[in-house]
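Peer 1: Structure file start_1.cif (mmCIF, C-alpha atoms) is given on the next line.
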data_run
loop_
_atom_site.group_PDB
_atom_site.id
_atom_site.type_symbol
_atom_site.label_atom_id
_atom_site.label_comp_id
_atom_site.auth_asym_id
_atom_site.auth_seq_id
_atom_site.Cartn_x
_atom_site.Cartn_y
_atom_site.Cartn_z
ATOM 1 C CA MET A 1 133.337 90.527 153.368
ATOM 2 C CA LYS A 2 132.432 86.955 152.492
ATOM 3 C CA GLY A 3 134.521 83.912 151.554
ATOM 4 C CA MET A 4 133.847 81.354 148.833
ATOM 5 C CA SER A 5 131.586 79.370 151.183
ATOM 6 C CA GLY A 6 129.311 82.412 151.547
ATOM 7 C CA GLN A 7 130.156 82.713 155.253
ATOM 8 C CA PRO A 8 131.427 86.118 156.372
ATOM 9 C CA ILE A 9 135.186 86.179 157.043
ATOM 10 C CA PRO A 10 135.854 86.837 160.755
ATOM 11 C CA ALA A 11 137.325 90.275 161.563
ATOM 12 C CA GLU A 12 140.357 88.672 163.234
ATOM 13 C CA ILE A 13 141.239 86.840 159.999
ATOM 14 C CA LEU A 14 140.933 90.084 158.001
ATOM 15 C CA LYS A 15 143.251 91.794 160.513
ATOM 16 C CA LEU A 16 145.777 88.952 160.353
ATOM 17 C CA ARG A 17 145.669 89.075 156.551
ATOM 18 C CA ARG A 18 146.743 92.706 156.584
ATOM 19 C CA SER A 19 149.821 91.728 158.618
ATOM 20 C CA ILE A 20 150.465 88.713 156.375
ATOM 21 C CA ASP A 21 150.290 91.050 153.343
ATOM 22 C CA ASN A 22 152.909 93.313 154.942
ATOM 23 C CA ILE A 23 155.193 90.361 155.615
ATOM 24 C CA ASP A 24 154.717 89.125 152.034
ATOM 25 C CA ALA A 25 155.697 92.521 150.636
ATOM 26 C CA ALA A 26 158.854 92.421 152.781
ATOM 27 C CA LEU A 27 159.604 88.838 151.670
ATOM 28 C CA VAL A 28 159.268 89.771 147.981
ATOM 29 C CA HIS A 29 161.524 92.804 148.401
ATOM 30 C CA MET A 30 164.167 90.766 150.215
ATOM 31 C CA LEU A 31 163.992 88.012 147.604
ATOM 32 C CA ALA A 32 164.450 90.672 144.895
ATOM 33 C CA GLU A 33 167.574 91.896 146.683
ATOM 34 C CA ARG A 34 168.819 88.332 147.202
ATOM 35 C CA PHE A 35 168.535 87.623 143.447
ATOM 36 C CA ARG A 36 170.417 90.843 142.657
ATOM 37 C CA MET A 37 173.258 89.485 144.799
ATOM 38 C CA THR A 38 173.166 85.955 143.385
ATOM 39 C CA GLN A 39 173.007 87.427 139.873
ATOM 40 C CA ARG A 40 176.367 89.078 140.558
ATOM 41 C CA VAL A 41 177.690 85.803 142.033
ATOM 42 C CA GLY A 42 176.609 84.091 138.793
ATOM 43 C CA GLU A 43 178.488 86.639 136.705
ATOM 44 C CA ILE A 44 181.683 86.222 138.723
ATOM 45 C CA LYS A 45 181.381 82.437 138.514
ATOM 46 C CA ALA A 46 180.879 82.601 134.739
ATOM 47 C CA GLU A 47 183.859 84.953 134.342
ATOM 48 C CA ASP A 48 186.103 82.721 136.446
ATOM 49 C CA GLY A 49 184.776 79.431 135.054
ATOM 50 C CA LEU A 50 183.429 78.293 138.440
ATOM 51 C CA PRO A 51 180.529 75.776 138.417
ATOM 52 C CA PRO A 52 176.996 77.226 138.949
ATOM 53 C CA ALA A 53 176.292 74.916 141.940
ATOM 54 C CA ASP A 54 178.443 74.621 145.075
ATOM 55 C CA PRO A 55 177.550 71.575 147.233
ATOM 56 C CA ALA A 56 179.893 72.643 150.073
ATOM 57 C CA ARG A 57 178.165 76.027 150.305
ATOM 58 C CA ASP A 58 174.785 74.208 150.199
ATOM 59 C CA GLN A 59 175.677 72.118 153.242
ATOM 60 C CA GLN A 60 176.800 75.205 155.196
ATOM 61 C CA GLN A 61 173.602 77.061 154.281
ATOM 62 C CA ILE A 62 171.366 74.127 155.237
ATOM 63 C CA ALA A 63 173.000 73.663 158.668
ATOM 64 C CA ARG A 64 172.833 77.397 159.367
ATOM 65 C CA LEU A 65 169.221 77.884 158.230
ATOM 66 C CA VAL A 66 167.996 74.795 160.103
ATOM 67 C CA ALA A 67 169.538 76.253 163.283
ATOM 68 C CA ILE A 68 167.988 79.688 162.671
ATOM 69 C CA ALA A 69 164.588 78.147 161.856
ATOM 70 C CA THR A 70 164.622 76.022 165.014
ATOM 71 C CA GLU A 71 165.461 79.070 167.128
ATOM 72 C CA ALA A 72 162.725 81.135 165.394
ATOM 73 C CA GLY A 73 160.057 78.434 165.727
ATOM 74 C CA LEU A 74 159.859 77.620 162.000
ATOM 75 C CA ASP A 75 159.671 73.965 160.941
ATOM 76 C CA PRO A 76 163.332 73.203 159.994
ATOM 77 C CA ALA A 77 162.139 70.858 157.223
ATOM 78 C CA PHE A 78 160.175 73.743 155.702
ATOM 79 C CA ALA A 79 163.191 76.075 156.003
ATOM 80 C CA GLU A 80 165.279 73.511 154.161
ATOM 81 C CA ALA A 81 162.624 73.062 151.450
ATOM 82 C CA PHE A 82 162.366 76.852 151.118
ATOM 83 C CA ARG A 83 166.148 77.158 150.699
ATOM 84 C CA ALA A 84 166.142 74.399 148.070
ATOM 85 C CA PHE A 85 163.296 76.161 146.242
ATOM 86 C CA VAL A 86 165.166 79.478 146.100
ATOM 87 C CA VAL A 87 168.561 77.937 145.305
ATOM 88 C CA ALA A 88 167.069 75.899 142.418
ATOM 89 C CA GLU A 89 166.061 79.220 140.831
ATOM 90 C CA VAL A 90 169.501 80.693 141.562
ATOM 91 C CA ILE A 91 171.250 77.737 139.881
ATOM 92 C CA ARG A 92 168.934 78.121 136.873
ATOM 93 C CA HIS A 93 170.006 81.789 136.630
ATOM 94 C CA HIS A 94 173.687 80.871 137.023
ATOM 95 C CA GLU A 95 173.410 78.332 134.220
ATOM 96 C CA LEU A 96 171.759 80.933 131.956
ATOM 97 C CA ILE A 97 174.527 83.441 132.730
ATOM 98 C CA ALA A 98 177.231 80.800 132.096
ATOM 99 C CA ALA A 99 175.555 79.908 128.783
ATOM 100 C CA ASP A 100 175.489 83.597 127.818
ATOM 101 C CA TYR A 101 179.198 83.876 128.569
ATOM 102 C CA ALA A 102 179.904 80.718 126.593
ATOM 103 C CA VAL A 103 178.390 82.199 123.417
ATOM 104 C CA GLY A 104 179.822 85.677 124.089
ATOM 105 C CA VAL A 105 176.475 87.410 124.673
ATOM 106 C CA ARG A 106 177.764 89.120 127.807
ATOM 107 C CA ALA A 107 180.827 91.350 128.012
ATOM 108 C CA GLU A 108 184.056 90.016 129.496
ATOM 109 C CA LYS A 109 183.612 92.540 132.281
ATOM 110 C CA PRO A 110 179.929 93.167 132.954
ATOM 111 C CA PRO A 111 178.891 96.664 134.064
ATOM 112 C CA PRO A 112 178.069 97.156 137.766
ATOM 113 C CA LEU A 113 174.703 95.856 138.978
ATOM 114 C CA ASP A 114 173.142 99.326 139.196
ATOM 115 C CA THR A 115 173.396 99.613 135.417
ATOM 116 C CA PHE A 116 170.814 96.840 135.077
ATOM 117 C CA ALA A 117 168.253 98.640 137.243
ATOM 118 C CA MET B 1 188.777 79.291 150.800
ATOM 119 C CA LYS B 2 188.301 76.793 147.959
ATOM 120 C CA GLY B 3 185.217 75.441 146.211
ATOM 121 C CA MET B 4 184.457 71.862 145.157
ATOM 122 C CA SER B 5 186.370 72.382 141.904
ATOM 123 C CA GLY B 6 189.535 73.172 143.902
ATOM 124 C CA GLN B 7 189.585 76.737 142.554
ATOM 125 C CA PRO B 8 189.741 79.472 145.205
ATOM 126 C CA ILE B 9 186.427 81.293 145.691
ATOM 127 C CA PRO B 10 186.770 84.971 144.668
ATOM 128 C CA ALA B 11 186.686 87.474 147.552
ATOM 129 C CA GLU B 12 183.700 89.280 146.001
ATOM 130 C CA ILE B 13 181.633 86.066 146.109
ATOM 131 C CA LEU B 14 182.566 85.514 149.763
ATOM 132 C CA LYS B 15 181.495 89.089 150.539
ATOM 133 C CA LEU B 16 178.186 88.668 148.675
ATOM 134 C CA ARG B 17 177.566 85.394 150.520
ATOM 135 C CA ARG B 18 177.770 87.193 153.862
ATOM 136 C CA SER B 19 175.008 89.563 152.693
ATOM 137 C CA ILE B 20 172.982 86.657 151.265
ATOM 138 C CA ASP B 21 173.292 84.894 154.641
ATOM 139 C CA ASN B 22 171.929 87.994 156.384
ATOM 140 C CA ILE B 23 168.990 88.159 153.982
ATOM 141 C CA ASP B 24 168.317 84.435 154.491
ATOM 142 C CA ALA B 25 168.223 84.877 158.268
ATOM 143 C CA ALA B 26 165.706 87.708 157.824
ATOM 144 C CA LEU B 27 163.632 85.589 155.387
ATOM 145 C CA VAL B 28 163.508 82.666 157.839
ATOM 146 C CA HIS B 29 162.486 84.947 160.719
ATOM 147 C CA MET B 30 159.738 86.560 158.655
ATOM 148 C CA LEU B 31 158.493 83.181 157.463
ATOM 149 C CA ALA B 32 158.374 82.021 161.098
ATOM 150 C CA GLU B 33 156.240 85.055 161.949
ATOM 151 C CA ARG B 34 154.045 84.513 158.885
ATOM 152 C CA PHE B 35 153.330 80.915 159.951
ATOM 153 C CA ARG B 36 152.477 82.101 163.469
ATOM 154 C CA MET B 37 149.821 84.324 161.858
ATOM 155 C CA THR B 38 148.476 81.699 159.466
ATOM 156 C CA GLN B 39 148.391 79.196 162.349
ATOM 157 C CA ARG B 40 145.975 81.517 164.140
ATOM 158 C CA VAL B 41 143.994 81.936 160.876
ATOM 159 C CA GLY B 42 143.771 78.132 160.683
ATOM 160 C CA GLU B 43 142.443 77.931 164.241
ATOM 161 C CA ILE B 44 139.745 80.537 163.586
ATOM 162 C CA LYS B 45 138.767 78.790 160.342
ATOM 163 C CA ALA B 46 138.492 75.446 162.130
ATOM 164 C CA GLU B 47 136.458 77.012 164.966
ATOM 165 C CA ASP B 48 134.076 78.700 162.510
ATOM 166 C CA GLY B 49 133.930 75.809 160.051
ATOM 167 C CA LEU B 50 135.513 77.822 157.230
ATOM 168 C CA PRO B 51 137.363 75.847 154.503
ATOM 169 C CA PRO B 52 141.212 75.723 154.767
ATOM 170 C CA ALA B 53 141.702 77.174 151.255
ATOM 171 C CA ASP B 54 140.252 80.456 149.964
ATOM 172 C CA PRO B 55 140.540 80.840 146.162
ATOM 173 C CA ALA B 56 139.295 84.463 146.223
ATOM 174 C CA ARG B 57 142.044 85.416 148.683
ATOM 175 C CA ASP B 58 144.557 83.523 146.501
ATOM 176 C CA GLN B 59 143.664 85.627 143.460
ATOM 177 C CA GLN B 60 144.014 88.888 145.425
ATOM 178 C CA GLN B 61 147.393 87.775 146.816
ATOM 179 C CA ILE B 62 148.709 86.740 143.401
ATOM 180 C CA ALA B 63 147.739 90.045 141.731
ATOM 181 C CA ARG B 64 149.238 92.055 144.607
ATOM 182 C CA LEU B 65 152.507 90.091 144.814
ATOM 183 C CA VAL B 66 153.017 90.111 141.044
ATOM 184 C CA ALA B 67 152.695 93.924 141.128
ATOM 185 C CA ILE B 68 155.119 94.237 144.069
ATOM 186 C CA ALA B 69 157.597 91.825 142.433
ATOM 187 C CA THR B 70 157.521 93.728 139.147
ATOM 188 C CA GLU B 71 158.158 97.014 140.964
ATOM 189 C CA ALA B 72 160.997 95.435 143.013
ATOM 190 C CA GLY B 73 162.681 93.832 139.993
ATOM 191 C CA LEU B 74 161.848 90.236 140.981
ATOM 192 C CA ASP B 75 160.625 87.835 138.274
ATOM 193 C CA PRO B 76 156.805 87.896 138.788
ATOM 194 C CA ALA B 77 156.592 84.208 137.826
ATOM 195 C CA PHE B 78 159.033 83.396 140.614
ATOM 196 C CA ALA B 79 157.053 85.521 143.095
ATOM 197 C CA GLU B 80 153.921 83.604 142.145
ATOM 198 C CA ALA B 81 155.684 80.241 142.492
ATOM 199 C CA PHE B 82 157.088 81.346 145.862
ATOM 200 C CA ARG B 83 153.604 82.320 147.085
ATOM 201 C CA ALA B 84 152.182 78.975 145.919
ATOM 202 C CA PHE B 85 155.033 77.168 147.714
ATOM 203 C CA VAL B 86 154.328 78.951 151.019
ATOM 204 C CA VAL B 87 150.531 78.746 150.734
ATOM 205 C CA ALA B 88 150.667 74.990 150.030
ATOM 206 C CA GLU B 89 152.363 74.591 153.423
ATOM 207 C CA VAL B 90 149.794 76.900 155.045
ATOM 208 C CA ILE B 91 146.883 74.850 153.623
ATOM 209 C CA ARG B 92 148.551 71.670 154.898
ATOM 210 C CA HIS B 93 148.699 73.240 158.389
ATOM 211 C CA HIS B 94 145.073 74.394 158.152
ATOM 212 C CA GLU B 95 143.956 70.896 157.214
ATOM 213 C CA LEU B 96 145.869 69.442 160.180
ATOM 214 C CA ILE B 97 144.256 71.973 162.529
ATOM 215 C CA ALA B 98 140.781 71.237 161.095
ATOM 216 C CA ALA B 99 141.421 67.497 161.546
ATOM 217 C CA ASP B 100 142.451 68.114 165.173
ATOM 218 C CA TYR B 101 139.237 70.033 165.752
ATOM 219 C CA ALA B 102 137.243 67.272 164.084
ATOM 220 C CA VAL B 103 138.469 64.679 166.596
ATOM 221 C CA GLY B 104 138.159 67.107 169.515
ATOM 222 C CA VAL B 105 141.890 67.521 170.159
ATOM 223 C CA ARG B 106 141.692 71.326 170.153
ATOM 224 C CA ALA B 107 138.049 72.371 170.684
ATOM 225 C CA GLU B 108 135.203 71.277 172.951
ATOM 226 C CA LYS B 109 132.764 71.227 170.037
ATOM 227 C CA PRO B 110 133.718 69.835 166.629
ATOM 228 C CA PRO B 111 133.319 72.029 163.539
ATOM 229 C CA PRO B 112 130.360 71.493 161.175
ATOM 230 C CA LEU B 113 130.450 68.567 158.773
ATOM 231 C CA ASP B 114 131.169 70.692 155.660
ATOM 232 C CA THR B 115 134.683 71.317 157.040
ATOM 233 C CA PHE B 116 135.536 67.737 156.179
ATOM 234 C CA ALA B 117 134.843 68.260 152.467
#
Would you put the structure from the file into structure tokens?
Peer 2:
Amino acid sequence: MKGMSGQPIPAEILKLRRSIDNIDAALVHMLAERFRMTQRVGEIKAEDGLPPADPARDQQQIARLVAIATEAGLDPAFAEAFRAFVVAEVIRHHELIAADYAVGVRAEKPPPLDTFA
Amino acid sequence: MKGMSGQPIPAEILKLRRSIDNIDAALVHMLAERFRMTQRVGEIKAEDGLPPADPARDQQQIARLVAIATEAGLDPAFAEAFRAFVVAEVIRHHELIAADYAVGVRAEKPPPLDTFA
């Protein structure tokens, strides 16, 4: 196997890439599950008229994830940027759900999550 | 427990947040492991004079992750953005490693000149 430069890709890189691919599959599956949970949070917030964002929760999450990242050997600044990246998408979803509620697109009581599968 | 708006946070949200926190801890640990692997990839690339980025690998990763995301119920556009976010950090690390090699911080012999391009 050769890279763009025409040089063959070392066997150790190809082996590492197979492990990286496994980790990426796990990351995508866990992110899918995380968004299923935050989707439900967004529905409850819309029902109860709670704001999509929650700065107090943000601060708790940041402190916790920075501690976990430091312990795990991940750059805490990257962990924080990663959290912000994911939460920005979550807030976008929550705003869409709240907008749907505002115009009556969604039911007062949404069906359980499994129904959306 | 109350949110910023002064309204109490529904028990179901608090329960979901505990699961989200567990998923986040797993995500951070897997990202830490992923960067350990890409760090080693960066070292091999610098040793062998391979470029930090690999567009062919990028295309394979994107196609694979979009398929996995679709199957898992995650927005494929988000999966692609997530991959780009992580890979941008990986490339930054690879460039730092290559620069270290170039000035002899890590290796006895510097990599070939085309690594600087």
Peer 1: Mind checking which residues fall within 9 Å of Thr38 of chain A, counting only C-alpha atoms, ignoring those fewer than 4 positions away in the same chain, and posting them as a list in words?
Peer 2: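 What passes the distance filter is Glu33, Arg34, Gly42, Glu43, Val90, His93 and His94 of chain A; Ile13, Leu16, Arg17 and Ile20 of chain B.
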Peer 1: RMSD over all C-alpha atoms, chain B superposed on chain A in order?
Peer 2: 6.0 Å
Peer 1: Pull out every residue that the PyMOL selection byres ((chain B) within 9 of (chain A)) matches in the shown coordinates and put them as a ChimeraX atom specification.
Peer 2: /B:3-5,7,9-10,12-13,16-17,19-21,23-38,40-41,44-45,48,50-51,54-57,61,64-65,68-69,72-75,78-79,82-83,85-86,89
Peer 1: What is the atom CA of Gln39 of chain B to atom CA of Arg18 of chain A distance in Å?
Peer 2: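 Separation between atom CA of Gln39 of chain B and atom CA of Arg18 of chain A: 14.8 Å.
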Peer 1: If I put a ball of radius 7 Å at (147.9, 82.8, 139.7) in the file's coordinates, which residues poke into it when counting only C-alpha atoms, written as number ranges by chain?
Peer 2: B: 59, 62, 80
Peer 1: For a test of reading the model, state the distance in Å between atom CA of Val105 of chain A and atom CA of Ala46 of chain A, rounded to one decimal.
Peer 2: 12.0 Å
Peer 1: Enclose the full set of atoms of segment 87-94 of chain B listed in the file within a box whose edges lie along x, y and z, apply 5 Å of padding to each of the six sides, and report centre and edge lengths in Å to one decimal as AutoDock Vina command-line options.
Peer 2:
--center_x 148.7 --center_y 75.2 --center_z 154.2 --size_x 17.3 --size_y 17.1 --size_z 18.4
Peer 1: Between atom CA of Glu47 of chain A and atom CA of Ala11 of chain B, what is the distance, to one decimal in Å?
Peer 2: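 Atom-to-atom, atom CA of Glu47 of chain A and atom CA of Ala11 of chain B are spaced 13.7 Å apart.
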Peer 1: What would segment 84-97 of chain A look like with N, CA and C atoms in place, written as a PDB file, in the coordinates of the input?
Peer 2:
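Contents of rebuild.pdb, freshly written:
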ATOM      1  N   ALA A  84     165.968  75.177 149.305  1.00  0.00           N
ATOM      2  CA  ALA A  84     166.142  74.399 148.070  1.00  0.00           C
ATOM      3  C   ALA A  84     165.347  75.029 146.922  1.00  0.00           C
ATOM      4  N   PHE A  85     164.159  75.525 147.248  1.00  0.00           N
ATOM      5  CA  PHE A  85     163.296  76.161 146.242  1.00  0.00           C
ATOM      6  C   PHE A  85     163.966  77.409 145.665  1.00  0.00           C
ATOM      7  N   VAL A  86     164.520  78.241 146.547  1.00  0.00           N
ATOM      8  CA  VAL A  86     165.166  79.478 146.100  1.00  0.00           C
ATOM      9  C   VAL A  86     166.465  79.166 145.356  1.00  0.00           C
ATOM     10  N   VAL A  87     167.254  78.239 145.905  1.00  0.00           N
ATOM     11  CA  VAL A  87     168.561  77.937 145.305  1.00  0.00           C
ATOM     12  C   VAL A  87     168.390  77.287 143.923  1.00  0.00           C
ATOM     13  N   ALA A  88     167.320  76.497 143.743  1.00  0.00           N
ATOM     14  CA  ALA A  88     167.069  75.899 142.418  1.00  0.00           C
ATOM     15  C   ALA A  88     166.917  77.006 141.370  1.00  0.00           C
ATOM     16  N   GLU A  89     166.238  78.087 141.752  1.00  0.00           N
ATOM     17  CA  GLU A  89     166.061  79.220 140.831  1.00  0.00           C
ATOM     18  C   GLU A  89     167.401  79.937 140.610  1.00  0.00           C
ATOM     19  N   VAL A  90     168.186  80.047 141.671  1.00  0.00           N
ATOM     20  CA  VAL A  90     169.501  80.693 141.562  1.00  0.00           C
ATOM     21  C   VAL A  90     170.394  79.903 140.592  1.00  0.00           C
ATOM     22  N   ILE A  91     170.412  78.577 140.748  1.00  0.00           N
ATOM     23  CA  ILE A  91     171.250  77.737 139.881  1.00  0.00           C
ATOM     24  C   ILE A  91     170.803  77.883 138.418  1.00  0.00           C
ATOM     25  N   ARG A  92     169.476  77.939 138.231  1.00  0.00           N
ATOM     26  CA  ARG A  92     168.934  78.121 136.873  1.00  0.00           C
ATOM     27  C   ARG A  92     169.471  79.436 136.276  1.00  0.00           C
ATOM     28  N   HIS A  93     169.460  80.501 137.093  1.00  0.00           N
ATOM     29  CA  HIS A  93     170.006  81.789 136.630  1.00  0.00           C
ATOM     30  C   HIS A  93     171.498  81.668 136.311  1.00  0.00           C
ATOM     31  N   HIS A  94     172.229  80.989 137.218  1.00  0.00           N
ATOM     32  CA  HIS A  94     173.687  80.871 137.023  1.00  0.00           C
ATOM     33  C   HIS A  94     173.997  80.112 135.734  1.00  0.00           C
ATOM     34  N   GLU A  95     173.196  79.108 135.454  1.00  0.00           N
ATOM     35  CA  GLU A  95     173.410  78.332 134.220  1.00  0.00           C
ATOM     36  C   GLU A  95     173.129  79.191 132.994  1.00  0.00           C
ATOM     37  N   LEU A  96     172.085  80.031 133.076  1.00  0.00           N
ATOM     38  CA  LEU A  96     171.759  80.933 131.956  1.00  0.00           C
ATOM     39  C   LEU A  96     172.897  81.931 131.739  1.00  0.00           C
ATOM     40  N   ILE A  97     173.425  82.467 132.842  1.00  0.00           N
ATOM     41  CA  ILE A  97     174.527  83.441 132.730  1.00  0.00           C
ATOM     42  C   ILE A  97     175.765  82.757 132.122  1.00  0.00           C
TER      43      ILE A  97
END
